[in-house]
$ cat structure36.pdb   # PDB, C-alpha atoms, pLDDT in the B column
ATOM      1  CA  MET B   1       0.000   0.000   0.000  1.00 88.00           C
ATOM      2  CA  ASN B   2       1.254   3.465  -0.936  1.00 95.00           C
ATOM      3  CA  GLU B   3       0.793   6.209   1.650  1.00 97.00           C
ATOM      4  CA  ILE B   4      -1.107   9.204   0.298  1.00 98.00           C
ATOM      5  CA  VAL B   5      -2.468  12.468   1.679  1.00 98.00           C
ATOM      6  CA  ILE B   6      -5.107  14.763   0.200  1.00 98.00           C
ATOM      7  CA  TYR B   7      -4.119  18.433   0.150  1.00 98.00           C
ATOM      8  CA  GLY B   8      -7.435  20.230   0.514  1.00 97.00           C
ATOM      9  CA  ALA B   9     -10.000  19.300   3.164  1.00 96.00           C
ATOM     10  CA  GLY B  10     -13.111  20.692   1.488  1.00 95.00           C
ATOM     11  CA  GLY B  11     -15.771  19.127  -0.707  1.00 96.00           C
ATOM     12  CA  LEU B  12     -13.432  18.188  -3.547  1.00 97.00           C
ATOM     13  CA  GLY B  13     -11.070  16.656  -1.015  1.00 97.00           C
ATOM     14  CA  ARG B  14     -13.863  14.440   0.295  1.00 98.00           C
ATOM     15  CA  GLU B  15     -14.734  13.470  -3.277  1.00 98.00           C
ATOM     16  CA  VAL B  16     -11.111  12.493  -3.885  1.00 98.00           C
ATOM     17  CA  ALA B  17     -11.167  10.421  -0.696  1.00 98.00           C
ATOM     18  CA  GLN B  18     -14.188   8.567  -2.097  1.00 98.00           C
ATOM     19  CA  MET B  19     -12.370   8.081  -5.415  1.00 98.00           C
ATOM     20  CA  LEU B  20      -9.439   6.488  -3.600  1.00 98.00           C
ATOM     21  CA  GLU B  21     -11.844   4.237  -1.687  1.00 98.00           C
ATOM     22  CA  ASP B  22     -13.499   3.200  -4.957  1.00 98.00           C
ATOM     23  CA  LEU B  23     -10.104   2.476  -6.532  1.00 98.00           C
ATOM     24  CA  ASN B  24      -9.033   0.424  -3.508  1.00 98.00           C
ATOM     25  CA  ALA B  25     -12.210  -1.647  -3.798  1.00 97.00           C
ATOM     26  CA  LEU B  26     -10.961  -2.831  -7.197  1.00 97.00           C
ATOM     27  CA  GLU B  27      -7.280  -3.154  -6.316  1.00 95.00           C
ATOM     28  CA  PRO B  28      -5.918  -2.218  -2.862  1.00 96.00           C
ATOM     29  CA  ARG B  29      -3.203   0.346  -3.498  1.00 96.00           C
ATOM     30  CA  TRP B  30      -3.636   3.466  -1.383  1.00 97.00           C
ATOM     31  CA  SER B  31      -3.267   3.943   2.362  1.00 97.00           C
ATOM     32  CA  VAL B  32      -5.010   7.296   2.879  1.00 98.00           C
ATOM     33  CA  LEU B  33      -3.484   9.008   5.915  1.00 97.00           C
ATOM     34  CA  GLY B  34      -5.788  12.023   5.898  1.00 97.00           C
ATOM     35  CA  PHE B  35      -6.073  15.609   4.714  1.00 98.00           C
ATOM     36  CA  LEU B  36      -3.676  18.525   4.694  1.00 97.00           C
ATOM     37  CA  SER B  37      -4.844  22.106   5.136  1.00 96.00           C
ATOM     38  CA  ASP B  38      -2.995  25.369   5.748  1.00 95.00           C
ATOM     39  CA  ASP B  39      -5.970  26.713   7.725  1.00 95.00           C
ATOM     40  CA  PRO B  40      -4.962  26.577  11.427  1.00 94.00           C
ATOM     41  CA  ALA B  41      -8.625  26.259  12.427  1.00 94.00           C
ATOM     42  CA  LEU B  42      -8.863  22.891  10.670  1.00 94.00           C
ATOM     43  CA  GLN B  43      -5.842  21.263  12.316  1.00 92.00           C
ATOM     44  CA  GLY B  44      -6.918  18.277  14.404  1.00 91.00           C
ATOM     45  CA  THR B  45     -10.454  18.234  13.004  1.00 95.00           C
ATOM     46  CA  ARG B  46     -12.045  15.715  10.647  1.00 96.00           C
ATOM     47  CA  SER B  47     -13.443  16.037   7.153  1.00 95.00           C
ATOM     48  CA  GLY B  48     -15.760  13.198   6.259  1.00 94.00           C
ATOM     49  CA  ASP B  49     -14.163  10.028   7.609  1.00 94.00           C
ATOM     50  CA  LEU B  50     -10.570  11.291   7.664  1.00 97.00           C
ATOM     51  CA  PRO B  51      -8.533  13.532   9.983  1.00 97.00           C
ATOM     52  CA  VAL B  52      -6.764  16.755   9.043  1.00 97.00           C
ATOM     53  CA  ILE B  53      -3.236  15.704   9.979  1.00 97.00           C
ATOM     54  CA  GLY B  54      -1.244  18.830   9.208  1.00 95.00           C
ATOM     55  CA  SER B  55      -0.337  21.580   6.780  1.00 96.00           C
ATOM     56  CA  SER B  56       2.066  21.734   3.846  1.00 95.00           C
ATOM     57  CA  GLU B  57       4.848  21.764   6.456  1.00 95.00           C
ATOM     58  CA  TRP B  58       3.914  18.154   7.253  1.00 95.00           C
ATOM     59  CA  VAL B  59       5.105  17.151   3.772  1.00 95.00           C
ATOM     60  CA  ARG B  60       8.248  19.280   3.777  1.00 91.00           C
ATOM     61  CA  THR B  61       9.479  17.788   7.059  1.00 92.00           C
ATOM     62  CA  ARG B  62       8.917  14.135   6.126  1.00 92.00           C
ATOM     63  CA  THR B  63      11.900  11.868   5.703  1.00 93.00           C
ATOM     64  CA  GLN B  64      10.032   9.150   3.768  1.00 94.00           C
ATOM     65  CA  PRO B  65       8.384   9.331   0.327  1.00 95.00           C
ATOM     66  CA  ILE B  66       4.729  10.397   0.263  1.00 97.00           C
ATOM     67  CA  SER B  67       2.117  10.719  -2.452  1.00 98.00           C
ATOM     68  CA  VAL B  68       0.055  13.902  -2.492  1.00 98.00           C
ATOM     69  CA  VAL B  69      -3.120  14.639  -4.424  1.00 98.00           C
ATOM     70  CA  VAL B  70      -3.985  18.347  -4.589  1.00 98.00           C
ATOM     71  CA  ALA B  71      -7.775  18.576  -4.282  1.00 98.00           C
ATOM     72  CA  VAL B  72      -8.826  22.168  -4.913  1.00 97.00           C
ATOM     73  CA  GLY B  73     -10.755  23.503  -7.887  1.00 94.00           C
ATOM     74  CA  SER B  74      -9.255  26.989  -8.266  1.00 96.00           C
ATOM     75  CA  PRO B  75      -6.360  26.735 -10.749  1.00 97.00           C
ATOM     76  CA  ALA B  76      -4.558  29.687  -9.132  1.00 95.00           C
ATOM     77  CA  LEU B  77      -4.751  28.092  -5.679  1.00 96.00           C
ATOM     78  CA  LYS B  78      -3.891  24.685  -7.084  1.00 97.00           C
ATOM     79  CA  HIS B  79      -0.743  26.124  -8.658  1.00 96.00           C
ATOM     80  CA  ARG B  80       0.382  27.613  -5.330  1.00 95.00           C
ATOM     81  CA  LEU B  81      -0.330  24.471  -3.323  1.00 96.00           C
ATOM     82  CA  VAL B  82       1.685  22.292  -5.684  1.00 97.00           C
ATOM     83  CA  GLN B  83       4.709  24.561  -5.232  1.00 95.00           C
ATOM     84  CA  ARG B  84       4.355  24.370  -1.429  1.00 95.00           C
ATOM     85  CA  VAL B  85       4.649  20.594  -1.279  1.00 96.00           C
ATOM     86  CA  ARG B  86       6.884  19.836  -4.250  1.00 95.00           C
ATOM     87  CA  CYS B  87      10.118  18.281  -2.991  1.00 93.00           C
ATOM     88  CA  PRO B  88      12.312  15.265  -3.827  1.00 93.00           C
ATOM     89  CA  LEU B  89      10.253  12.895  -1.640  1.00 94.00           C
ATOM     90  CA  THR B  90       6.846  13.972  -2.990  1.00 96.00           C
ATOM     91  CA  ALA B  91       5.015  12.070  -5.732  1.00 97.00           C
ATOM     92  CA  PHE B  92       1.902  13.381  -7.451  1.00 98.00           C
ATOM     93  CA  PRO B  93      -0.068  10.374  -8.753  1.00 98.00           C
ATOM     94  CA  THR B  94      -2.773  10.659 -11.351  1.00 98.00           C
ATOM     95  CA  ILE B  95      -6.152   9.749  -9.819  1.00 98.00           C
ATOM     96  CA  VAL B  96      -8.830   8.574 -12.266  1.00 98.00           C
ATOM     97  CA  HIS B  97     -12.151   7.228 -11.022  1.00 98.00           C
ATOM     98  CA  PRO B  98     -12.774   3.649 -12.211  1.00 97.00           C
ATOM     99  CA  SER B  99     -16.014   4.674 -13.948  1.00 98.00           C
ATOM    100  CA  VAL B 100     -14.168   6.997 -16.356  1.00 98.00           C
ATOM    101  CA  THR B 101     -14.183   6.012 -20.048  1.00 98.00           C
ATOM    102  CA  MET B 102     -10.959   6.591 -21.974  1.00 97.00           C
ATOM    103  CA  GLY B 103     -10.420   5.768 -25.628  1.00 97.00           C
ATOM    104  CA  GLY B 104      -7.224   5.298 -27.554  1.00 97.00           C
ATOM    105  CA  ARG B 105      -4.215   7.588 -27.408  1.00 98.00           C
ATOM    106  CA  VAL B 106      -5.276   9.573 -24.359  1.00 98.00           C
ATOM    107  CA  SER B 107      -2.361  10.808 -22.242  1.00 98.00           C
ATOM    108  CA  VAL B 108      -2.794  12.203 -18.735  1.00 98.00           C
ATOM    109  CA  GLY B 109      -0.119  14.087 -16.774  1.00 98.00           C
ATOM    110  CA  GLU B 110       0.982  13.804 -13.153  1.00 98.00           C
ATOM    111  CA  GLY B 111      -1.258  15.048 -10.397  1.00 98.00           C
ATOM    112  CA  THR B 112      -4.378  15.136 -12.541  1.00 98.00           C
ATOM    113  CA  VAL B 113      -7.732  14.189 -10.976  1.00 98.00           C
ATOM    114  CA  VAL B 114     -10.600  12.864 -13.113  1.00 98.00           C
ATOM    115  CA  GLY B 115     -13.996  12.485 -11.476  1.00 98.00           C
ATOM    116  CA  ALA B 116     -16.645   9.822 -11.888  1.00 98.00           C
ATOM    117  CA  GLY B 117     -18.429   9.405 -15.202  1.00 98.00           C
ATOM    118  CA  ALA B 118     -16.104  11.527 -17.326  1.00 98.00           C
ATOM    119  CA  VAL B 119     -15.714  10.426 -20.951  1.00 98.00           C
ATOM    120  CA  PHE B 120     -12.594  10.891 -23.094  1.00 98.00           C
ATOM    121  CA  THR B 121     -12.834   9.782 -26.706  1.00 98.00           C
ATOM    122  CA  VAL B 122      -9.545   9.558 -28.676  1.00 98.00           C
ATOM    123  CA  ASP B 123      -6.294  11.424 -29.335  1.00 98.00           C
ATOM    124  CA  ILE B 124      -6.469  13.685 -26.278  1.00 98.00           C
ATOM    125  CA  ARG B 125      -3.652  15.229 -24.262  1.00 98.00           C
ATOM    126  CA  VAL B 126      -4.267  16.168 -20.641  1.00 98.00           C
ATOM    127  CA  GLY B 127      -1.484  18.007 -18.828  1.00 98.00           C
ATOM    128  CA  ALA B 128      -0.328  17.946 -15.216  1.00 98.00           C
ATOM    129  CA  PHE B 129      -2.529  18.932 -12.255  1.00 98.00           C
ATOM    130  CA  VAL B 130      -5.674  19.179 -14.362  1.00 98.00           C
ATOM    131  CA  THR B 131      -9.008  18.718 -12.581  1.00 98.00           C
ATOM    132  CA  VAL B 132     -11.848  17.160 -14.578  1.00 98.00           C
ATOM    133  CA  GLY B 133     -15.173  17.140 -12.731  1.00 98.00           C
ATOM    134  CA  ILE B 134     -17.841  14.474 -12.709  1.00 98.00           C
ATOM    135  CA  GLY B 135     -19.692  13.868 -15.955  1.00 98.00           C
ATOM    136  CA  CYS B 136     -17.462  15.910 -18.274  1.00 98.00           C
ATOM    137  CA  THR B 137     -17.047  14.921 -21.920  1.00 98.00           C
ATOM    138  CA  ILE B 138     -13.735  15.507 -23.701  1.00 98.00           C
ATOM    139  CA  SER B 139     -13.685  14.923 -27.454  1.00 98.00           C
ATOM    140  CA  HIS B 140     -11.112  14.000 -30.096  1.00 98.00           C
ATOM    141  CA  ASP B 141      -7.899  16.002 -30.465  1.00 98.00           C
ATOM    142  CA  ASP B 142      -8.500  18.138 -27.372  1.00 98.00           C
ATOM    143  CA  VAL B 143      -5.661  19.546 -25.291  1.00 98.00           C
ATOM    144  CA  LEU B 144      -6.184  20.396 -21.615  1.00 98.00           C
ATOM    145  CA  CYS B 145      -3.085  22.248 -20.467  1.00 98.00           C
ATOM    146  CA  ASP B 146      -1.478  22.133 -17.009  1.00 98.00           C
ATOM    147  CA  TYR B 147      -3.538  23.308 -14.017  1.00 98.00           C
ATOM    148  CA  ALA B 148      -6.773  23.667 -16.010  1.00 98.00           C
ATOM    149  CA  THR B 149     -10.030  22.886 -14.213  1.00 98.00           C
ATOM    150  CA  LEU B 150     -13.245  21.656 -15.791  1.00 98.00           C
ATOM    151  CA  ALA B 151     -16.127  21.815 -13.316  1.00 98.00           C
ATOM    152  CA  PRO B 152     -18.835  19.102 -13.377  1.00 98.00           C
ATOM    153  CA  GLY B 153     -20.802  18.649 -16.571  1.00 98.00           C
ATOM    154  CA  VAL B 154     -18.537  20.544 -18.971  1.00 98.00           C
ATOM    155  CA  ASN B 155     -18.750  19.406 -22.607  1.00 98.00           C
ATOM    156  CA  VAL B 156     -15.719  20.057 -24.788  1.00 98.00           C
ATOM    157  CA  SER B 157     -16.077  19.414 -28.534  1.00 98.00           C
ATOM    158  CA  GLY B 158     -13.247  18.255 -30.791  1.00 98.00           C
ATOM    159  CA  ALA B 159      -9.934  20.002 -31.491  1.00 98.00           C
ATOM    160  CA  VAL B 160     -10.250  22.405 -28.543  1.00 98.00           C
ATOM    161  CA  THR B 161      -7.309  23.782 -26.573  1.00 98.00           C
ATOM    162  CA  VAL B 162      -7.987  24.767 -22.969  1.00 98.00           C
ATOM    163  CA  GLY B 163      -5.039  26.890 -21.871  1.00 98.00           C
ATOM    164  CA  GLU B 164      -2.891  26.550 -18.784  1.00 98.00           C
ATOM    165  CA  GLY B 165      -4.755  27.416 -15.599  1.00 98.00           C
ATOM    166  CA  THR B 166      -8.078  27.992 -17.323  1.00 98.00           C
ATOM    167  CA  ASP B 167     -11.147  27.523 -15.109  1.00 98.00           C
ATOM    168  CA  VAL B 168     -14.250  26.324 -16.993  1.00 98.00           C
ATOM    169  CA  GLY B 169     -17.468  26.579 -14.982  1.00 98.00           C
ATOM    170  CA  THR B 170     -20.153  23.982 -14.368  1.00 98.00           C
ATOM    171  CA  GLY B 171     -22.252  22.997 -17.373  1.00 98.00           C
ATOM    172  CA  SER B 172     -20.286  25.071 -19.881  1.00 98.00           C
ATOM    173  CA  GLN B 173     -20.062  24.089 -23.533  1.00 98.00           C
ATOM    174  CA  VAL B 174     -17.071  24.650 -25.827  1.00 98.00           C
ATOM    175  CA  ILE B 175     -17.688  24.178 -29.546  1.00 98.00           C
ATOM    176  CA  GLN B 176     -15.211  22.529 -31.900  1.00 98.00           C
ATOM    177  CA  GLY B 177     -11.892  24.108 -32.812  1.00 98.00           C
ATOM    178  CA  ILE B 178     -11.917  26.734 -30.053  1.00 98.00           C
ATOM    179  CA  SER B 179      -8.835  27.933 -28.198  1.00 98.00           C
ATOM    180  CA  ILE B 180      -9.133  29.369 -24.672  1.00 98.00           C
ATOM    181  CA  GLY B 181      -6.117  31.360 -23.490  1.00 97.00           C
ATOM    182  CA  GLU B 182      -4.199  30.645 -20.308  1.00 97.00           C
ATOM    183  CA  TRP B 183      -5.514  31.617 -16.866  1.00 97.00           C
ATOM    184  CA  SER B 184      -8.924  32.621 -18.170  1.00 98.00           C
ATOM    185  CA  ILE B 185     -12.253  31.925 -16.472  1.00 98.00           C
ATOM    186  CA  VAL B 186     -15.406  30.706 -18.230  1.00 98.00           C
ATOM    187  CA  GLY B 187     -18.585  31.221 -16.216  1.00 98.00           C
ATOM    188  CA  ALA B 188     -21.016  28.434 -15.409  1.00 98.00           C
ATOM    189  CA  GLY B 189     -23.395  27.586 -18.234  1.00 98.00           C
ATOM    190  CA  ALA B 190     -21.498  29.597 -20.844  1.00 98.00           C
ATOM    191  CA  VAL B 191     -21.246  28.534 -24.473  1.00 98.00           C
ATOM    192  CA  VAL B 192     -17.845  29.333 -25.947  1.00 98.00           C
ATOM    193  CA  CYS B 193     -18.275  29.893 -29.688  1.00 97.00           C
ATOM    194  CA  ARG B 194     -15.170  32.009 -30.389  1.00 97.00           C
ATOM    195  CA  ASP B 195     -11.574  31.908 -29.261  1.00 98.00           C
ATOM    196  CA  LEU B 196     -10.926  33.589 -25.917  1.00 98.00           C
ATOM    197  CA  PRO B 197      -7.676  35.408 -25.089  1.00 97.00           C
ATOM    198  CA  ALA B 198      -5.594  34.804 -21.990  1.00 97.00           C
ATOM    199  CA  ASN B 199      -6.407  36.278 -18.567  1.00 97.00           C
ATOM    200  CA  VAL B 200     -10.076  37.128 -19.125  1.00 97.00           C
ATOM    201  CA  THR B 201     -13.431  36.205 -17.627  1.00 98.00           C
ATOM    202  CA  ALA B 202     -16.144  35.294 -20.133  1.00 98.00           C
ATOM    203  CA  VAL B 203     -19.799  34.526 -19.404  1.00 98.00           C
ATOM    204  CA  GLY B 204     -23.084  34.011 -21.211  1.00 97.00           C
ATOM    205  CA  VAL B 205     -24.497  32.480 -24.384  1.00 97.00           C
ATOM    206  CA  PRO B 206     -22.505  33.076 -26.467  1.00 97.00           C
ATOM    207  CA  ALA B 207     -19.642  33.696 -24.051  1.00 97.00           C
ATOM    208  CA  LYS B 208     -18.447  37.308 -23.980  1.00 97.00           C
ATOM    209  CA  THR B 209     -15.504  38.816 -22.110  1.00 97.00           C
ATOM    210  CA  ILE B 210     -16.563  40.869 -19.095  1.00 97.00           C
ATOM    211  CA  LYS B 211     -13.210  41.239 -17.330  1.00 95.00           C
ATOM    212  CA  GLU B 212      -9.537  41.398 -18.260  1.00 94.00           C
ATOM    213  CA  ARG B 213      -6.587  40.766 -15.939  1.00 92.00           C
ATOM    214  CA  PRO B 214      -2.865  41.493 -16.178  1.00 89.00           C
ATOM    215  CA  SER B 215      -0.551  38.682 -17.176  1.00 88.00           C
ATOM    216  CA  GLY B 216       0.616  36.717 -14.144  1.00 86.00           C
ATOM    217  CA  TRP B 217      -2.372  37.733 -12.002  1.00 87.00           C
ATOM    218  CA  HIS B 218      -2.745  34.186 -10.713  1.00 85.00           C
ATOM    219  CA  ARG B 219       0.572  34.312  -8.834  1.00 81.00           C
ATOM    220  CA  ASP B 220      -0.825  36.896  -6.426  1.00 71.00           C
ATOM    221  CA  HIS B 221      -4.406  35.621  -6.356  1.00 58.00           C
ATOM    222  CA  HIS B 222      -5.554  34.357  -2.958  1.00 51.00           C
ATOM    223  CA  ALA B 223      -9.167  33.320  -3.591  1.00 43.00           C
TER
END
$ encode --input "structure36.pdb" --output "structure tokens"
Amino acid sequence: MNEIVIYGAGGLGREVAQMLEDLNALEPRWSVLGFLSDDPALQGTRSGDLPVIGSSEWVRTRTQPISVVVAVGSPALKHRLVQRVRCPLTAFPTIVHPSVTMGGRVSVGEGTVVGAGAVFTVDIRVGAFVTVGIGCTISHDDVLCDYATLAPGVNVSGAVTVGEGTDVGTGSQVIQGISIGEWSIVGAGAVVCRDLPANVTAVGVPAKTIKERPSGWHRDHHA
């Protein structure tokens, strides 16, 4: 059994804990030690069935290898948390729920989490630390770049590129051939019919830009 901790003690963290339980039911592999959180108020508490055993410092002071799954939806926060616990003894396994359907020539990077019921067709590249929510559909020739998040129920048509750190809201639709720039946000229920630049927020049907941000905004974002 490989020891693993879940960095993020909220709802997504509890979902990841359930994913690990479902995976262990098929093939025992993971010994889940508990959650990590940098919120002092959560130290020593429980989330679901598991304890909050420490903060990022818990990982940095370990002398034995440990697997960490980062379980937060915000790409900006996810990016920061990965940097906090990345060290020579840390591994970031890819966690894919056993109900996920994956066709041929689908590659998935380290630290990526794919929720129950997601469907990937063929010839798809998924980067590192991507979060794919329950019930998403990812079509042929799509590229999901590092740190992107697809909330539950997102449908991505063929030949789409979702840029690094892009956050696509629940129930959004992206039509074929679209490119979404890095660190952009697509509001829930939006339909993306045209390319979107980097560092914007777009909402509506069709999706229109309502906010622009400076390049690198995510490095100082604390939401």
$ closest_residue --input "structure36.pdb" --among "B:Pro93, B:Gly54, B:Pro88, B:Pro75" --to "Ile4 in chain B" --atoms "all atoms listed in the file"
B:Pro93
$ residues_around --input "structure36.pdb" --residues "Leu36 in chain B" --least-positions-apart "5" --cutoff "9 Å" --atoms "all atoms listed in the file" --output "PyMOL selection string"
chain B and resi 5-9+43+51-56+58-59
$ resolve_selection --input "structure36.pdb" --expression "the PyMOL selection byres ((chain B and resi 129) around 7)" --output "VMD selection string"
chain B and resid 110 to 112 127 to 128 130 to 131 146 to 147
$ atom_distance --input "structure36.pdb" --atom1 "CA of Asp141 in chain B" --atom2 "CA of Val108 in chain B"
13.3 Å
$ closest_residue --input "structure36.pdb" --among "B:Val154, B:Gly103, B:Ile138, B:Ala76" --to "Thr166 in chain B" --atoms "only C-alpha atoms"
B:Ala76
$ residues_near_point --input "structure36.pdb" --point "(-18.7, 34.8, -29.4)" --cutoff "7 Å" --atoms "only C-alpha atoms" --output "PyMOL selection string"
chain B and resi 192-194+206-208
$ decode --input "structure36.pdb" --residues "range 108-126 of chain B" --atoms "C-alpha atoms" --output "PDB file, in the first residue's frame"
ATOM      1  CA  VAL B 108      -2.794  12.203 -18.735  1.00  0.00           C
ATOM      2  CA  GLY B 109      -0.119  14.087 -16.774  1.00  0.00           C
ATOM      3  CA  GLU B 110       0.982  13.804 -13.153  1.00  0.00           C
ATOM      4  CA  GLY B 111      -1.258  15.048 -10.397  1.00  0.00           C
ATOM      5  CA  THR B 112      -4.378  15.136 -12.541  1.00  0.00           C
ATOM      6  CA  VAL B 113      -7.732  14.189 -10.976  1.00  0.00           C
ATOM      7  CA  VAL B 114     -10.600  12.864 -13.113  1.00  0.00           C
ATOM      8  CA  GLY B 115     -13.996  12.485 -11.476  1.00  0.00           C
ATOM      9  CA  ALA B 116     -16.645   9.822 -11.888  1.00  0.00           C
ATOM     10  CA  GLY B 117     -18.429   9.405 -15.202  1.00  0.00           C
ATOM     11  CA  ALA B 118     -16.104  11.527 -17.326  1.00  0.00           C
ATOM     12  CA  VAL B 119     -15.714  10.426 -20.951  1.00  0.00           C
ATOM     13  CA  PHE B 120     -12.594  10.891 -23.094  1.00  0.00           C
ATOM     14  CA  THR B 121     -12.834   9.782 -26.706  1.00  0.00           C
ATOM     15  CA  VAL B 122      -9.545   9.558 -28.676  1.00  0.00           C
ATOM     16  CA  ASP B 123      -6.294  11.424 -29.335  1.00  0.00           C
ATOM     17  CA  ILE B 124      -6.469  13.685 -26.278  1.00  0.00           C
ATOM     18  CA  ARG B 125      -3.652  15.229 -24.262  1.00  0.00           C
ATOM     19  CA  VAL B 126      -4.267  16.168 -20.641  1.00  0.00           C
TER      20      VAL B 126
END
